[in-house]
>>> print(open('my_file.txt').read())   # compact mmCIF, C-alpha atoms and all ligand atoms
# COMPACT_ATOMS: atom_id res chain seq x y z
CA MET P 1 58.23 -122.60 19.27
CA ILE P 2 61.78 -121.51 18.51
CA TYR P 3 61.96 -117.74 18.34
CA LEU P 4 64.80 -116.45 16.19
CA ASP P 5 63.42 -113.03 15.34
CA ASN P 6 64.85 -111.08 18.26
CA ALA P 7 66.04 -108.19 16.11
CA ALA P 8 62.35 -107.48 15.46
CA THR P 9 61.39 -107.67 19.11
CA THR P 10 62.27 -109.59 22.27
CA LYS P 11 60.38 -111.26 25.07
CA PRO P 12 59.98 -108.93 28.06
CA ASN P 13 61.82 -109.96 31.23
CA GLN P 14 59.57 -111.06 34.08
CA ASP P 15 60.86 -108.36 36.45
CA VAL P 16 60.16 -105.73 33.78
CA LEU P 17 56.50 -106.83 33.64
CA GLU P 18 56.26 -106.94 37.42
CA THR P 19 57.80 -103.48 37.78
CA PHE P 20 55.42 -102.07 35.19
CA MET P 21 52.44 -103.53 37.12
CA LYS P 22 53.71 -102.47 40.53
CA VAL P 23 54.47 -98.87 39.60
CA ASN P 24 51.09 -98.61 37.85
CA GLN P 25 49.38 -99.82 41.01
CA SER P 26 51.25 -97.77 43.58
CA LEU P 27 52.80 -94.80 41.78
CA TYR P 28 50.50 -93.93 38.93
CA PHE P 29 50.79 -90.21 39.68
CA ASN P 30 51.73 -87.49 37.25
CA PRO P 31 55.26 -86.24 38.01
CA ASN P 32 54.07 -82.78 36.95
CA SER P 33 51.37 -82.59 39.63
CA PRO P 34 52.20 -80.19 42.43
CA HIS P 35 50.87 -82.37 45.30
CA GLN P 36 52.80 -84.75 47.50
CA ALA P 37 52.12 -87.81 45.30
CA GLY P 38 53.20 -85.93 42.16
CA LEU P 39 56.40 -84.81 43.87
CA GLN P 40 57.12 -88.38 44.87
CA ALA P 41 56.68 -89.46 41.24
CA GLU P 42 58.96 -86.64 40.06
CA GLN P 43 61.62 -87.66 42.55
CA LEU P 44 61.49 -91.23 41.30
CA LEU P 45 61.69 -90.06 37.69
CA GLN P 46 64.86 -88.11 38.42
CA GLN P 47 66.38 -91.03 40.35
CA THR P 48 65.64 -93.28 37.40
CA LYS P 49 67.47 -90.91 35.06
CA SER P 50 70.50 -90.79 37.38
CA GLN P 51 70.56 -94.58 37.47
CA ILE P 52 70.76 -94.67 33.68
CA ASN P 53 73.79 -92.38 33.68
CA ASP P 54 75.41 -94.37 36.51
CA LEU P 55 74.98 -97.58 34.55
CA PHE P 56 77.42 -96.41 31.90
CA ASN P 57 79.99 -94.67 34.16
CA LEU P 58 79.90 -91.65 31.89
CA LYS P 59 82.45 -88.85 32.29
CA GLN P 60 79.70 -86.34 31.68
CA ASN P 61 76.06 -87.05 32.43
CA PHE P 62 73.57 -86.99 29.57
CA ASP P 63 70.09 -85.54 29.75
CA ILE P 64 67.74 -88.49 29.53
CA VAL P 65 64.53 -88.10 27.56
CA PHE P 66 61.97 -90.89 27.78
CA THR P 67 60.12 -91.56 24.54
CA SER P 68 57.76 -94.14 23.06
CA GLY P 69 60.56 -95.96 21.23
CA ALA P 70 63.52 -95.47 18.97
CA THR P 71 61.47 -94.21 16.04
CA GLU P 72 60.40 -91.30 18.21
CA SER P 73 63.90 -90.86 19.70
CA ASN P 74 65.43 -90.72 16.22
CA ASN P 75 62.79 -88.28 14.97
CA ILE P 76 63.18 -85.96 17.97
CA ALA P 77 66.97 -85.97 17.70
CA LEU P 78 67.38 -85.64 13.94
CA LYS P 79 64.70 -83.03 13.31
CA GLY P 80 65.57 -81.21 16.53
CA VAL P 81 69.24 -80.85 15.59
CA ALA P 82 68.62 -80.14 11.92
CA TYR P 83 66.17 -77.30 12.63
CA LYS P 84 68.45 -75.84 15.27
CA LYS P 85 71.36 -75.70 12.83
CA LYS P 86 69.53 -74.94 9.60
CA ALA P 87 70.66 -71.30 9.36
CA PHE P 88 74.39 -71.97 9.66
CA ALA P 89 75.08 -75.68 8.93
CA ASN P 90 72.42 -77.30 6.77
CA GLU P 91 74.29 -80.37 5.53
CA ILE P 92 73.40 -83.80 6.88
CA ILE P 93 75.56 -86.90 6.48
CA THR P 94 74.13 -90.38 6.70
CA SER P 95 74.33 -93.74 4.87
CA VAL P 96 71.84 -96.13 3.29
CA LEU P 97 72.59 -98.58 6.10
CA GLU P 98 70.41 -96.67 8.54
CA HIS P 99 67.06 -97.91 9.80
CA PRO P 100 63.99 -96.32 8.14
CA SER P 101 63.34 -94.34 11.33
CA VAL P 102 66.53 -92.44 10.49
CA LEU P 103 66.63 -92.66 6.71
CA GLU P 104 63.05 -91.54 6.15
CA VAL P 105 63.51 -88.60 8.54
CA VAL P 106 66.63 -87.52 6.67
CA ARG P 107 64.79 -87.89 3.34
CA SER P 108 61.97 -85.78 4.67
CA LEU P 109 64.47 -83.13 5.82
CA GLU P 110 66.00 -83.24 2.34
CA SER P 111 62.61 -82.41 0.85
CA GLU P 112 62.49 -79.41 3.21
CA GLY P 113 65.74 -78.06 1.76
CA PHE P 114 68.51 -79.69 3.79
CA ASP P 115 71.51 -80.90 1.83
CA VAL P 116 71.91 -84.65 2.44
CA LYS P 117 75.10 -86.56 1.63
CA TYR P 118 75.44 -90.36 1.76
CA VAL P 119 78.68 -91.95 2.92
CA ASP P 120 79.87 -94.86 0.77
CA VAL P 121 79.54 -98.35 2.19
CA THR P 122 82.28 -101.01 1.96
CA THR P 123 81.55 -104.60 0.94
CA HIS P 124 81.83 -105.46 4.66
CA GLY P 125 78.87 -103.20 5.30
CA GLN P 126 80.82 -100.49 7.08
CA ILE P 127 80.82 -96.84 6.24
CA ASP P 128 83.93 -95.70 4.37
CA LEU P 129 85.76 -93.49 6.87
CA ASN P 130 87.89 -91.80 4.21
CA HIS P 131 84.77 -90.87 2.29
CA LEU P 132 83.23 -89.55 5.51
CA LYS P 133 86.32 -87.39 6.07
CA SER P 134 86.06 -86.03 2.55
CA LEU P 135 82.38 -85.11 3.06
CA MET P 136 82.97 -83.26 6.33
CA SER P 137 83.07 -79.44 6.31
CA ASP P 138 81.90 -76.48 8.36
CA ASN P 139 78.55 -76.73 6.60
CA VAL P 140 77.79 -80.09 8.19
CA GLY P 141 75.40 -79.74 11.13
CA LEU P 142 74.49 -83.40 11.62
CA VAL P 143 76.07 -86.81 11.12
CA THR P 144 73.97 -89.88 11.90
CA CYS P 145 75.47 -93.34 12.14
CA MET P 146 73.95 -96.50 13.59
CA HIS P 147 75.99 -98.71 15.91
CA VAL P 148 74.78 -102.21 14.91
CA ASN P 149 72.81 -102.85 11.75
CA ASN P 150 69.40 -104.46 12.24
CA ILE P 151 69.48 -106.53 9.07
CA MET P 152 73.04 -107.84 8.89
CA GLY P 153 74.38 -107.23 12.39
CA GLN P 154 77.58 -105.53 11.26
CA THR P 155 78.95 -102.89 13.64
CA GLN P 156 80.06 -99.40 12.66
CA PRO P 157 83.32 -97.82 13.89
CA ILE P 158 81.56 -95.31 16.15
CA GLU P 159 84.77 -94.33 17.96
CA GLU P 160 86.50 -93.37 14.69
CA VAL P 161 83.37 -91.63 13.42
CA ALA P 162 83.21 -89.61 16.66
CA GLN P 163 86.86 -88.59 16.30
CA ILE P 164 86.24 -87.35 12.76
CA VAL P 165 83.05 -85.46 13.65
CA ASP P 166 84.72 -83.96 16.73
CA GLN P 167 87.03 -81.93 14.48
CA TYR P 168 84.03 -79.95 13.24
CA PRO P 169 82.52 -77.94 16.11
CA LYS P 170 79.21 -77.30 14.33
CA ALA P 171 78.61 -81.00 13.59
CA HIS P 172 76.40 -83.07 15.89
CA LEU P 173 76.78 -86.87 16.03
CA HIS P 174 73.65 -88.98 16.45
CA VAL P 175 73.91 -92.73 17.05
CA ASP P 176 71.08 -95.25 16.74
CA ALA P 177 72.26 -97.90 19.20
CA VAL P 178 69.03 -99.90 19.23
CA GLN P 179 70.60 -103.20 18.16
CA ALA P 180 73.81 -102.67 20.13
CA ILE P 181 72.70 -102.50 23.75
CA GLY P 182 73.19 -105.73 25.66
CA LYS P 183 75.11 -107.28 22.76
CA VAL P 184 78.20 -105.06 22.43
CA PRO P 185 79.45 -102.27 24.74
CA LEU P 186 77.88 -98.90 23.97
CA PHE P 187 80.18 -96.03 23.05
CA PHE P 188 79.39 -92.51 24.25
CA GLU P 189 82.57 -90.46 23.88
CA GLY P 190 82.01 -87.73 21.28
CA VAL P 191 78.41 -88.86 20.75
CA ASP P 192 75.85 -86.05 21.12
CA THR P 193 72.59 -88.02 21.01
CA LEU P 194 71.89 -91.75 21.19
CA SER P 195 68.64 -93.73 20.76
CA LEU P 196 67.48 -96.93 22.43
CA SER P 197 64.29 -98.96 22.29
CA GLY P 198 63.11 -101.05 25.27
CA HIS P 199 61.54 -103.90 23.34
CA LYS P 200 64.84 -104.82 21.68
CA PHE P 201 66.45 -105.69 25.01
CA HIS P 202 63.68 -107.50 26.88
CA GLY P 203 61.81 -104.37 27.88
CA LEU P 204 58.37 -103.38 26.63
CA LYS P 205 57.10 -102.16 23.30
CA GLY P 206 56.36 -98.45 23.36
CA GLN P 207 59.29 -97.44 25.54
CA GLY P 208 62.43 -95.69 24.37
CA ILE P 209 65.22 -93.41 25.48
CA LEU P 210 67.07 -90.54 23.92
CA PHE P 211 70.40 -89.62 25.50
CA VAL P 212 71.20 -85.94 24.89
CA ARG P 213 74.59 -84.45 25.73
CA ASN P 214 73.22 -80.94 25.73
CA ILE P 215 69.48 -80.43 25.57
CA HIS P 216 69.93 -76.96 24.06
CA GLN P 217 71.23 -78.65 20.89
CA LEU P 218 67.65 -79.65 20.08
CA GLU P 219 64.76 -77.63 18.73
CA PRO P 220 61.50 -79.02 20.17
CA THR P 221 59.41 -80.84 17.58
CA ILE P 222 56.71 -82.20 19.90
CA HIS P 223 54.95 -79.28 21.47
CA GLY P 224 52.65 -79.31 24.44
CA GLY P 225 52.94 -79.19 28.21
CA GLY P 226 56.72 -78.86 28.17
CA GLN P 227 57.61 -82.17 29.84
CA GLU P 228 61.03 -83.78 29.32
CA PHE P 229 62.98 -80.50 29.05
CA GLY P 230 60.33 -79.17 26.67
CA ILE P 231 61.45 -81.44 23.84
CA ARG P 232 59.03 -84.33 24.39
CA SER P 233 55.77 -82.98 25.68
CA GLY P 234 53.13 -85.36 26.98
CA THR P 235 52.41 -86.87 30.40
CA VAL P 236 55.42 -88.85 31.56
CA ASN P 237 54.78 -92.60 31.63
CA LEU P 238 56.56 -93.37 34.89
CA PRO P 239 55.71 -97.12 35.08
CA VAL P 240 57.12 -97.62 31.58
CA ASP P 241 60.18 -95.48 32.32
CA ILE P 242 61.03 -97.36 35.50
CA ALA P 243 60.46 -100.68 33.76
CA ILE P 244 62.88 -99.82 30.94
CA VAL P 245 65.61 -99.13 33.47
CA LYS P 246 65.08 -102.64 34.88
CA ALA P 247 65.60 -104.07 31.40
CA MET P 248 68.60 -101.82 30.79
CA LYS P 249 70.36 -102.82 33.98
CA SER P 250 70.01 -106.44 33.09
CA ALA P 251 71.12 -105.93 29.46
CA VAL P 252 74.10 -103.71 30.28
CA ASN P 253 75.34 -105.69 33.27
CA HIS P 254 75.30 -108.93 31.28
CA THR P 255 76.66 -107.62 27.98
CA GLN P 256 79.95 -109.51 28.15
CA GLU P 257 78.30 -112.77 29.15
CA THR P 258 75.64 -112.41 26.42
CA TYR P 259 78.31 -111.54 23.86
CA TYR P 260 80.25 -114.75 24.56
CA HIS P 261 77.14 -116.90 24.76
CA LEU P 262 75.77 -115.63 21.43
CA SER P 263 79.18 -115.65 19.72
CA LYS P 264 79.40 -119.37 20.45
CA LEU P 265 75.97 -120.02 18.94
CA ASN P 266 76.76 -117.76 16.01
CA ASP P 267 80.05 -119.61 15.30
CA GLU P 268 78.20 -122.90 15.50
CA LEU P 269 75.66 -121.73 12.93
CA ARG P 270 78.35 -120.38 10.61
CA ARG P 271 80.17 -123.73 10.71
CA PHE P 272 76.88 -125.56 10.14
CA PHE P 273 75.93 -123.54 7.02
CA LYS P 274 79.34 -124.12 5.41
CA ASP P 275 78.34 -127.76 4.77
CA TYR P 276 75.31 -126.75 2.69
CA HIS P 277 76.02 -126.15 -0.95
CA GLY P 278 74.33 -122.98 -2.23
CA VAL P 279 73.96 -121.37 1.20
CA LYS P 280 75.76 -118.03 1.48
CA ILE P 281 76.53 -116.20 4.67
CA ASN P 282 75.72 -112.52 4.12
CA THR P 283 76.75 -111.17 7.51
CA PRO P 284 80.44 -110.19 7.61
CA GLU P 285 82.71 -111.77 10.27
CA GLN P 286 83.01 -108.48 12.18
CA ALA P 287 79.47 -108.25 13.46
CA ALA P 288 77.42 -108.28 16.62
CA PRO P 289 76.80 -111.89 17.67
CA HIS P 290 72.99 -111.94 17.73
CA ILE P 291 72.29 -111.44 14.02
CA LEU P 292 73.20 -113.81 11.22
CA ASN P 293 71.91 -113.13 7.74
CA ILE P 294 72.18 -115.87 5.13
CA GLY P 295 71.14 -116.14 1.50
CA LEU P 296 69.80 -119.07 -0.51
CA PRO P 297 69.96 -117.75 -4.08
CA GLY P 298 67.17 -119.15 -6.23
CA VAL P 299 64.57 -119.24 -3.44
CA LYS P 300 62.58 -116.28 -2.17
CA GLY P 301 63.16 -115.20 1.43
CA GLU P 302 59.40 -115.17 2.09
CA VAL P 303 59.16 -118.80 0.98
CA LEU P 304 61.90 -119.75 3.41
CA VAL P 305 60.32 -117.82 6.27
CA ASN P 306 57.01 -119.62 5.64
CA ALA P 307 58.73 -122.99 5.41
CA PHE P 308 60.46 -122.44 8.77
CA SER P 309 57.25 -121.15 10.26
CA LYS P 310 55.62 -124.48 9.37
CA TYR P 311 58.24 -126.16 11.55
CA ASN P 312 57.51 -123.66 14.33
CA ILE P 313 60.71 -121.68 13.81
CA MET P 314 60.17 -117.94 13.70
CA LEU P 315 62.69 -115.90 11.76
CA SER P 316 62.44 -113.14 9.22
CA THR P 317 63.39 -112.05 5.71
CA THR P 318 65.28 -108.81 6.12
CA SER P 319 63.65 -106.75 8.82
CA ALA P 320 60.10 -106.56 10.10
CA CYS P 321 59.85 -102.96 8.87
CA SER P 322 60.91 -103.63 5.31
CA SER P 323 59.76 -107.22 4.80
CA LYS P 324 56.46 -106.05 3.35
CA LYS P 325 58.18 -103.85 0.77
CA ALA P 326 58.76 -105.39 -2.62
CA SER P 327 62.03 -103.60 -3.41
CA LEU P 328 65.43 -105.15 -2.79
CA ASN P 329 66.91 -104.32 0.55
CA GLU P 330 69.17 -101.24 0.40
CA VAL P 331 71.61 -102.51 3.01
CA LEU P 332 72.34 -105.71 1.13
CA LEU P 333 72.47 -103.84 -2.18
CA ALA P 334 75.00 -101.37 -0.76
CA MET P 335 77.20 -104.32 0.19
CA ASN P 336 77.19 -105.52 -3.43
CA ILE P 337 75.42 -108.76 -2.59
CA PRO P 338 74.05 -110.34 -5.81
CA LYS P 339 70.34 -109.79 -6.52
CA LYS P 340 69.28 -113.43 -6.21
CA GLN P 341 71.16 -113.77 -2.94
CA ILE P 342 69.35 -110.72 -1.59
CA GLU P 343 65.99 -112.11 -2.68
CA GLY P 344 66.76 -115.38 -0.92
CA SER P 345 68.03 -113.84 2.29
CA ILE P 346 66.76 -114.58 5.76
CA ARG P 347 67.74 -113.13 9.12
CA ILE P 348 68.31 -115.32 12.16
CA SER P 349 68.39 -113.16 15.27
CA MET P 350 69.02 -114.41 18.78
CA SER P 351 68.73 -113.04 22.29
CA ALA P 352 70.25 -113.84 25.65
CA TYR P 353 67.46 -116.41 26.03
CA THR P 354 68.41 -118.36 22.89
CA ASN P 355 70.07 -121.61 23.92
CA GLU P 356 71.90 -124.59 22.47
CA THR P 357 68.70 -126.67 22.28
CA ASP P 358 67.04 -123.95 20.17
CA ILE P 359 69.98 -124.06 17.78
CA GLN P 360 69.90 -127.86 17.55
CA THR P 361 66.17 -127.77 16.77
CA PHE P 362 66.75 -125.05 14.20
CA LYS P 363 69.47 -127.11 12.53
CA LYS P 364 67.18 -130.12 12.17
CA SER P 365 64.47 -127.97 10.62
CA PHE P 366 67.00 -126.26 8.37
CA ASN P 367 67.97 -129.62 7.02
CA LYS P 368 64.34 -130.38 6.12
CA VAL P 369 63.75 -126.95 4.55
CA TYR P 370 66.98 -127.29 2.58
CA GLU P 371 65.85 -130.62 1.16
CA GLU P 372 62.55 -129.02 0.11
CA VAL P 373 64.26 -126.20 -1.80
CA ARG P 374 67.65 -127.57 -2.84
CA GLU P 375 66.60 -128.15 -6.46
CA LEU P 376 65.86 -124.46 -6.81
CA LEU P 377 69.23 -123.27 -5.52
CA VAL P 378 71.52 -121.69 -8.10
N1 LIG P 401 66.59 -98.46 14.86
C1 LIG P 401 66.91 -99.75 14.66
C2 LIG P 401 68.33 -100.11 14.32
C3 LIG P 401 65.95 -100.75 14.80
O1 LIG P 401 66.28 -102.03 14.61
C4 LIG P 401 64.61 -100.37 15.12
C5 LIG P 401 63.54 -101.39 15.20
O2 LIG P 401 63.40 -102.23 14.33
C6 LIG P 401 64.33 -99.01 15.33
C7 LIG P 401 65.34 -98.09 15.19
C8 LIG P 401 62.94 -98.54 15.68
O3 LIG P 401 62.63 -98.88 17.00
P1 LIG P 401 61.14 -98.81 17.59
O4 LIG P 401 60.49 -100.07 17.23
O5 LIG P 401 61.35 -98.68 19.05
O6 LIG P 401 60.51 -97.60 17.05
>>> encode(input="my_file.txt", output="structure tokens", more="lines below")
Ligand code: PLP
Amino acid sequence: MIYLDNAATTKPNQDVLETFMKVNQSLYFNPNSPHQAGLQAEQLLQQTKSQINDLFNLKQNFDIVFTSGATESNNIALKGVAYKKKAFANEIITSVLEHPSVLEVVRSLESEGFDVKYVDVTTHGQIDLNHLKSLMSDNVGLVTCMHVNNIMGQTQPIEEVAQIVDQYPKAHLHVDAVQAIGKVPLFFEGVDTLSLSGHKFHGLKGQGILFVRNIHQLEPTIHGGGQEFGIRSGTVNLPVDIAIVKAMKSAVNHTQETYYHLSKLNDELRRFFKDYHGVKINTPEQAAPHILNIGLPGVKGEVLVNAFSKYNIMLSTTSACSSKKASLNEVLLAMNIPKKQIEGSIRISMSAYTNETDIQTFKKSFNKVYEEVRELLV
């Protein structure tokens, strides 16, 4: 099987699985327990958090909150900040590019009375910085901007966004960096909260991280025993938390290598598709190397995914979260991609494990699928 759906989820690294098993066997204690074993677990939890900060050589350490994934991290951050600032800065700025775990939270906050503004998107899939500047004011309490898009792979100018937001002391900047880690360097300067999800970088499903510059910026939204600074109550899952750090170390320490490896494969695919009449490359040139979105106008994306699946190639239409929805994808729409091209779009997403042989096999299958559908192409 050739797996090209790594933006949906990745294969866990062997040492991640082993760490998860080992810590479950030998250190299954509750870090909140007052006995010796609990204290040992607590000590390890704190060491793990320091290791995360050390990994990024940050000028100022972040508070690390372990969560069940990026959906939870995004929810905790966005609601937590919005509620904290509601009385004095109730405007939220976002864009339609965001993942549903951001967009749906913001829409829900809108229904609660927050004033939500959407930044315009350029045809390259980036937020329009001049429009962002024009939307900023002292009423803005929260700006949320993803680093790498999960459907197209385009990156956002986080550094420039941070500089703009920094001029407004009441405004908090949240970054969903789920698709960035291990593929492009993460950017922390001027960022107040940042979300990650273990299963996108060869960790496990059900593990996530929220980086928080200042924990007092967040109103707790998950109430209970007061674990994780009181903002994410629930017994700490130490084996999962230690395992995610294993995956992180590997992803972060190999980012440059992975970037070059995947850029080569990405360039090869781009060159390959150019020879096929009717095949459009949707992903802009300035993008993270692991995601390549293409469109075959005239054919439905689902048909293509099924055709590839028959040849044992796993890829996806737009994203796993939205592929079951009938409506046209908002990200592609915002980039002014024609309707038929959106309907016929598929996402090829690679990981550090994707190799040249996988790409060669994919190319052969692509040729067969193309022959099956070429009469339908417009
Ligand atoms: N943000 C982005 C950009 C994603 O791609 C995803 C997963 O598809 C998420 C958030 C949600 O992550 P999780 O599956 O950990 O909840």
>>> residues_near_ligand(input="my_file.txt", ligand="ligand LIG 401 (chain P)", cutoff="6 Å", atoms="all atoms listed in the file", output="MDAnalysis selection string")
chainID P and resid 8 69:71 99 101 149:150 176 178:179 197
>>> residues_around(input="my_file.txt", residues="Gly344 in chain P", least_positions_apart="5", cutoff="12 Å", atoms="only C-alpha atoms", output="JSON, numbers by chain")
{"P": [278, 279, 280, 281, 282, 293, 294, 295, 296, 297, 298, 299, 300, 301, 302, 303, 304, 305, 316, 317, 318, 328, 329, 332, 337, 338, 339, 373, 376, 377, 378]}
>>> atom_distance(input="my_file.txt", atom1="CA of Asp54 in chain P", atom2="CA of Gly203 in chain P")
19.0 Å
>>> closest_residue(input="my_file.txt", among="P:Thr9, P:Thr19, P:Ser50, P:Ser351", to="Thr258 in chain P", atoms="only C-alpha atoms")
P:Ser351
>>> atom_distance(input="my_file.txt", atom1="CA of Leu4 in chain P", atom2="CA of Glu72 in chain P")
25.6 Å
>>> atom_distance(input="my_file.txt", atom1="CA of Ile348 in chain P", atom2="CA of Leu292 in chain P")
5.2 Å
>>> closest_residue(input="my_file.txt", among="P:His199, P:Lys85, P:His261, P:Lys368", to="Leu17 in chain P", atoms="only C-alpha atoms")
P:His199
>>> residues_around(input="my_file.txt", residues="range 236-251 of chain P", least_positions_apart="3", cutoff="8 Å", atoms="only C-alpha atoms", output="number ranges by chain")
P: 13, 15-17, 19-24, 27-28, 30-31, 41, 45, 48, 51-52, 55, 66, 181-183, 198, 201-204, 207-208, 227-228, 254-255
>>> write_last_selection(input="my_file.txt", atoms="C-alpha atoms", output="compact mmCIF listing (two decimals), in the coordinates of the input")
# COMPACT_ATOMS: atom_id res chain seq x y z
CA ASN P 13 61.82 -109.96 31.23
CA ASP P 15 60.86 -108.36 36.45
CA VAL P 16 60.16 -105.73 33.78
CA LEU P 17 56.50 -106.83 33.64
CA THR P 19 57.80 -103.48 37.78
CA PHE P 20 55.42 -102.07 35.19
CA MET P 21 52.44 -103.53 37.12
CA LYS P 22 53.71 -102.47 40.53
CA VAL P 23 54.47 -98.87 39.60
CA ASN P 24 51.09 -98.61 37.85
CA LEU P 27 52.80 -94.80 41.78
CA TYR P 28 50.50 -93.93 38.93
CA ASN P 30 51.73 -87.49 37.25
CA PRO P 31 55.26 -86.24 38.01
CA ALA P 41 56.68 -89.46 41.24
CA LEU P 45 61.69 -90.06 37.69
CA THR P 48 65.64 -93.28 37.40
CA GLN P 51 70.56 -94.58 37.47
CA ILE P 52 70.76 -94.67 33.68
CA LEU P 55 74.98 -97.58 34.55
CA PHE P 66 61.97 -90.89 27.78
CA ILE P 181 72.70 -102.50 23.75
CA GLY P 182 73.19 -105.73 25.66
CA LYS P 183 75.11 -107.28 22.76
CA GLY P 198 63.11 -101.05 25.27
CA PHE P 201 66.45 -105.69 25.01
CA HIS P 202 63.68 -107.50 26.88
CA GLY P 203 61.81 -104.37 27.88
CA LEU P 204 58.37 -103.38 26.63
CA GLN P 207 59.29 -97.44 25.54
CA GLY P 208 62.43 -95.69 24.37
CA GLN P 227 57.61 -82.17 29.84
CA GLU P 228 61.03 -83.78 29.32
CA HIS P 254 75.30 -108.93 31.28
CA THR P 255 76.66 -107.62 27.98
